[in-house]
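These notes are about the structure you will find just below.
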Amino acid sequence: MDLLTLSRIQFGMTAFYHFLFVPLTLGLAFMIAILKTIYLRNKDERYDRLAMFLMKLFAINFAVGVATGLTMEFEFGTNWFTYSKFVGDIFGAPLAIEGLMAFFLESTFIGLFLFGKDRVSDRMHTFAAWMVALGSTLSALWILIANSWMQTPAGYKIVETPQGVKAVLTDFWEAVINHTTIFRFLHCVDAGYIVGGFFVMGIMAFYLLKNRETEIAKIGLKFSLIFTAIVSVLQIIFGDIHGYQVTHGQPLKMAMMEGKWETEKGASLDLFGIVNQEKQETKVILKIPYLLSILSYHDPKAEFKGIKELVQEYRQISEKAKEKIPVLEEKLRQLELNNAPKNEIEKLRSELALAKANARAYDINFKDLPSVALVFTTFHIMVYLGFFFAFITLWGLYLLKKGTIYTNKAFLWTVLLSIPLPYIATEFGWIAAEVGRQPWLVQGVLLTKDGVSFHPTGNVWFSLIFFTLIYTGIFIVFLYAMIKAVKKGPQSEKSQPVESLTALKEV
């Protein structure tokens, strides 16, 4: 494998491992804060014990998430040096803010929550829980701001410097709140809430099946069921809106997600299909007429552009940019000869640099595309799982209303065995989003193959194998610590913080 492929595999592997731990922290933190608020109002010790138990699991997850996430920061410099040099002035800002604003806020109040029990007031303890939730959410926000800029860049210009061509920030808030950030954030965070909800439901179901901790398990199952039902239904709405945005902002990605090679008017939503990339076709097994056009353009007769036409359109953009370059170079030469104002010269230089970037970035062909089958499959599985989550929680609400939820073994086993499914959905959603963004690192500006570092492939092979072994070991220890904590269950003793610290040391 070449350097580019190896670098992509290494970053994908580390991101895959790291993203196993991020969604649960988002979901658990928010649920813990709500549980502490309920306890503050009714003084029911069961809610407090459940919150402390879940925070212990959160702390283990948080520790491993930090350890696996640090590697990715360094990979930008080691494996993607050209990319880092190109977008460092923009991409580095939200990452730095995430560390300063979110990570330290979250980690500080985790300590206060775990070790401040019985040392601070109940109000302060509840406040600490909400600060942990806020820190987790802000962390996700700033990471997604950085990612959204790569997907739909805004608030920037391209300049040529002695160190090479680079993107520089022109409008901070335009770059931060571009037209895709908000719903990408809501979609991702809500997915974390679903992960947390099913995780808690599954554990509570485990206790009920084992006839252990039944009092706490009942209130925990009821609470997590109602919470998860709400966020599961909301996710369908957020996903639809986000899909609409992708259609208009990244049409090639959406065409690959839907497996559409040809442009269609009144496009059908293909529920199942087999993608053949060599023949550039998708064999549709089951479809719903007109639904894709309705979802994408709110018009049953709207035209949905296929992969073939979009590739040709991008090549035309490249050709126009190439034609524009000599014209801009001549204008620039004339301005410099006539001693034009510096701001006019700088503006034209930036326009010229952007034209050169577009000429290179949009000059793509079918060989530059990622695996359309991978994008199509992961996207569809994510969507189907999303509807499955809503169905399961609505089933649970029905049983809750009947008063049989705590004894219905079919439901309890279903939610217990479903714990891994939200993880699969979030990982597949990430794969569909990031692989579907190819062939660009920054949409329309920088190709992935132009962002990689230049060093021997042996270096990447070594680090890939080394990281895989280390991450696998960390994951095994993580599973051991989590299973041990779950088996022990919620404890009423005041030694809970000490137990939490012991679990963290084991990790």
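Here's how to read the names in the structure tokens: chain A, B, ... by the order shown, residue numbers from 1 in each chain, ligand numbers from 1 in the order shown.
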Could you pull out the alpha helix (DSSP H) residues of range 405-493 of chain A from DSSP and send them as a ChimeraX atom specification? /A:409-417,420-436,457-488
Since we have the selection now, will you write its residues out, keeping C-alpha atoms, as a tab-separated table (two decimals), in the first residue's frame?
chain	number	residue	atom	x	y	z
A	409	LYS	CA	-38.21	-10.54	29.35
A	410	ALA	CA	-38.46	-10.08	25.58
A	411	PHE	CA	-38.08	-6.32	25.96
A	412	LEU	CA	-35.39	-6.57	28.65
A	413	TRP	CA	-33.28	-8.95	26.56
A	414	THR	CA	-33.81	-6.75	23.48
A	415	VAL	CA	-32.47	-3.59	25.11
A	416	LEU	CA	-29.64	-5.50	26.77
A	417	LEU	CA	-28.49	-7.02	23.48
A	420	PRO	CA	-23.75	-2.24	20.84
A	421	LEU	CA	-26.18	-1.08	18.12
A	422	PRO	CA	-26.03	2.70	18.79
A	423	TYR	CA	-22.23	2.40	18.78
A	424	ILE	CA	-22.44	0.75	15.36
A	425	ALA	CA	-24.80	3.47	14.13
A	426	THR	CA	-22.48	6.29	15.25
A	427	GLU	CA	-19.38	4.62	13.80
A	428	PHE	CA	-21.13	3.94	10.51
A	429	GLY	CA	-22.44	7.50	10.42
A	430	TRP	CA	-18.90	8.77	10.90
A	431	ILE	CA	-17.59	6.48	8.15
A	432	ALA	CA	-20.32	7.59	5.73
A	433	ALA	CA	-19.63	11.27	6.48
A	434	GLU	CA	-15.84	11.17	6.29
A	435	VAL	CA	-15.33	8.60	3.53
A	436	GLY	CA	-18.17	10.25	1.60
A	457	THR	CA	5.94	4.19	4.19
A	458	GLY	CA	7.83	2.02	6.68
A	459	ASN	CA	7.35	4.71	9.32
A	460	VAL	CA	3.58	4.61	8.88
A	461	TRP	CA	3.54	0.80	8.85
A	462	PHE	CA	5.41	0.72	12.15
A	463	SER	CA	3.20	3.29	13.86
A	464	LEU	CA	0.03	1.68	12.46
A	465	ILE	CA	0.93	-1.72	13.89
A	466	PHE	CA	2.15	-0.19	17.16
A	467	PHE	CA	-0.99	1.93	17.64
A	468	THR	CA	-3.25	-1.00	16.79
A	469	LEU	CA	-1.63	-3.16	19.46
A	470	ILE	CA	-1.68	-0.38	22.07
A	471	TYR	CA	-5.27	0.62	21.32
A	472	THR	CA	-6.42	-3.00	21.43
A	473	GLY	CA	-4.78	-3.40	24.82
A	474	ILE	CA	-6.40	-0.21	26.10
A	475	PHE	CA	-9.79	-1.39	24.85
A	476	ILE	CA	-9.43	-4.74	26.63
A	477	VAL	CA	-8.57	-2.98	29.90
A	478	PHE	CA	-11.48	-0.60	29.35
A	479	LEU	CA	-13.92	-3.50	28.89
A	480	TYR	CA	-12.55	-5.17	32.01
A	481	ALA	CA	-12.99	-2.03	34.11
A	482	MET	CA	-16.49	-1.32	32.78
A	483	ILE	CA	-17.71	-4.90	33.23
A	484	LYS	CA	-16.27	-5.03	36.73
A	485	ALA	CA	-17.99	-1.75	37.67
A	486	VAL	CA	-21.33	-2.88	36.19
A	487	LYS	CA	-21.18	-6.25	37.98
A	488	LYS	CA	-20.54	-4.48	41.28
Close residues, Val233 in chain A itself excluded, 12 Å, only C-alpha atoms, min 6 positions apart in chain, as a VMD selection string: chain A and resid 187 190 to 191 193 to 194 226 to 227 239 to 240 386 to 394
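Using only C-alpha atoms for every distance, the candidate list A:Leu225, A:Ala373, A:Ile230, A:Met257 yields A:Leu225 as the residue closest to Tyr398 in chain A.
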Close residues, Ala15 in chain A itself excluded, 9 Å, only C-alpha atoms, min 4 positions apart in chain, as a VMD selection string: chain A and resid 10 to 11 19 to 20 68 to 69 72
Would you list the contacts of range 439-446 of chain A as a PyMOL selection string, taking every protein, DNA or RNA residue within 9 Å and counting only C-alpha atoms, but skipping same-chain residues closer than 2 positions in sequence? chain A and resi 83+86-87+149-153+250+314+354+357-362+364+368-370+435-437+448-451
Write a file of the just-selected residues containing C-alpha atoms, as a tab-separated table (two decimals), in the first residue's frame.
chain	number	residue	atom	x	y	z
A	83	TYR	CA	-2.81	19.64	5.31
A	86	PHE	CA	-2.50	24.61	4.62
A	87	VAL	CA	-5.33	24.98	7.16
A	149	TRP	CA	-15.31	23.82	8.09
A	150	MET	CA	-13.60	20.96	6.24
A	151	GLN	CA	-16.97	19.84	4.86
A	152	THR	CA	-18.28	23.29	3.88
A	153	PRO	CA	-15.47	25.86	4.26
A	250	GLN	CA	-22.16	18.29	-0.73
A	314	TYR	CA	-16.54	19.46	-11.03
A	354	LEU	CA	-8.15	30.37	-4.80
A	357	ALA	CA	-6.64	25.70	-5.53
A	358	ASN	CA	-10.00	25.13	-7.27
A	359	ALA	CA	-8.29	24.17	-10.53
A	360	ARG	CA	-6.38	21.47	-8.70
A	361	ALA	CA	-9.08	20.33	-6.25
A	362	TYR	CA	-11.93	19.98	-8.76
A	364	ILE	CA	-11.10	14.73	-10.35
A	368	ASP	CA	-10.46	9.50	-7.21
A	369	LEU	CA	-13.77	8.46	-5.71
A	370	PRO	CA	-13.85	6.37	-2.52
A	435	VAL	CA	-15.33	8.60	3.53
A	436	GLY	CA	-18.17	10.25	1.60
A	437	ARG	CA	-16.28	13.58	1.78
A	448	THR	CA	-6.81	14.29	0.26
A	449	LYS	CA	-3.83	13.09	-1.76
A	450	ASP	CA	-2.34	16.61	-1.58
A	451	GLY	CA	-2.53	16.80	2.23
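Using only C-alpha atoms, the smallest distance between any of A:Thr282, A:Asn147, A:Ser268, A:Asn343 and Val372 in chain A comes from A:Thr282.
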Quick check, in Å to one decimal: how far apart do CA of Ser296 in chain A and CA of Tyr244 in chain A lie?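 We find that CA of Ser296 in chain A and CA of Tyr244 in chain A lie 5.2 Å from each other.
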May I ask which of the residues A:Leu54, A:Val176, A:Met31, A:Asn365 is the closest one to Ala93 in chain A, counting only C-alpha atoms? A:Val176
For Gly243 in chain A, find every residue with an atom within 12 Å (counting only C-alpha atoms), except residues of its own chain fewer than 2 positions away, and show them as a PyMOL selection string. chain A and resi 180+183-184+187+235-241+245-251+253-255+257-258+292-297+379+383+429+432-433
Between CA of Ile90 in chain A and CA of Ala167 in chain A, distance in Å (one decimal):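 So the answer is 7.2 Å.
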I need the residue nearest Lys331 in chain A from this list: A:Ile345, A:Phe58, A:Leu112, A:Met382. Use only C-alpha atoms for the distance.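 Using only C-alpha atoms, the shortest distance to Lys331 in chain A belongs to A:Ile345.
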Nearest to Ser453 in chain A, chosen from A:Leu28, A:Leu4, A:Ala154, A:Leu169, with only C-alpha atoms counted in the distances: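 Between A:Leu28, A:Leu4, A:Ala154, A:Leu169, the residue approaching Ser453 in chain A most closely is A:Leu4.
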Show me, as a short mmCIF file (atom, residue, chain, number, x, y, z; two decimals) with C-alpha atoms, in the first residue's frame, the residues that have an atom within 6 Å of Leu269 in chain A when counting only C-alpha atoms, minus same-chain residues fewer than 3 positions from it.
data_model
loop_
_atom_site.label_atom_id
_atom_site.label_comp_id
_atom_site.auth_asym_id
_atom_site.auth_seq_id
_atom_site.Cartn_x
_atom_site.Cartn_y
_atom_site.Cartn_z
CA LYS A 287 -37.23 1.39 -3.69
CA ILE A 288 -39.88 3.99 -2.93
CA LEU A 291 -39.28 9.92 -2.03
CA LEU A 292 -35.63 10.93 -2.50
#
Near Arg8 in chain A, within 9 Å and counting only C-alpha atoms, which residues show up once chain neighbours fewer than 5 positions away are dropped, as a ChimeraX atom specification? /A:3,13,79,452
Residue set, range 107-281 of chain A restricted to strand (DSSP E or B), as a list in words: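 Here are the strand (DSSP E or B) residues of range 107-281 of chain A: Tyr156, Lys157, Ile158, Val159, Glu160, Thr161, Gly164, Val165, Lys166, Ala167, Val168, Leu169, Glu264, Lys265, Leu269, Asp270, Leu271, Phe272, Gly273, Ile274, Val275, Asn276 and Glu281 of chain A.
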Point-to-point distance in Å for CA of Gly192 in chain A and CA of Ala128 in chain A: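 Pair CA of Ala128 in chain A / CA of Gly192 in chain A returns 20.1 Å.
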Which one is closest to Gly116 in chain A: A:Ala129, A:Gly155, A:Pro23, A:Ala63? Count only C-alpha atoms.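 Of the candidates, the smallest distance to Gly116 in chain A is held by A:Ala129.
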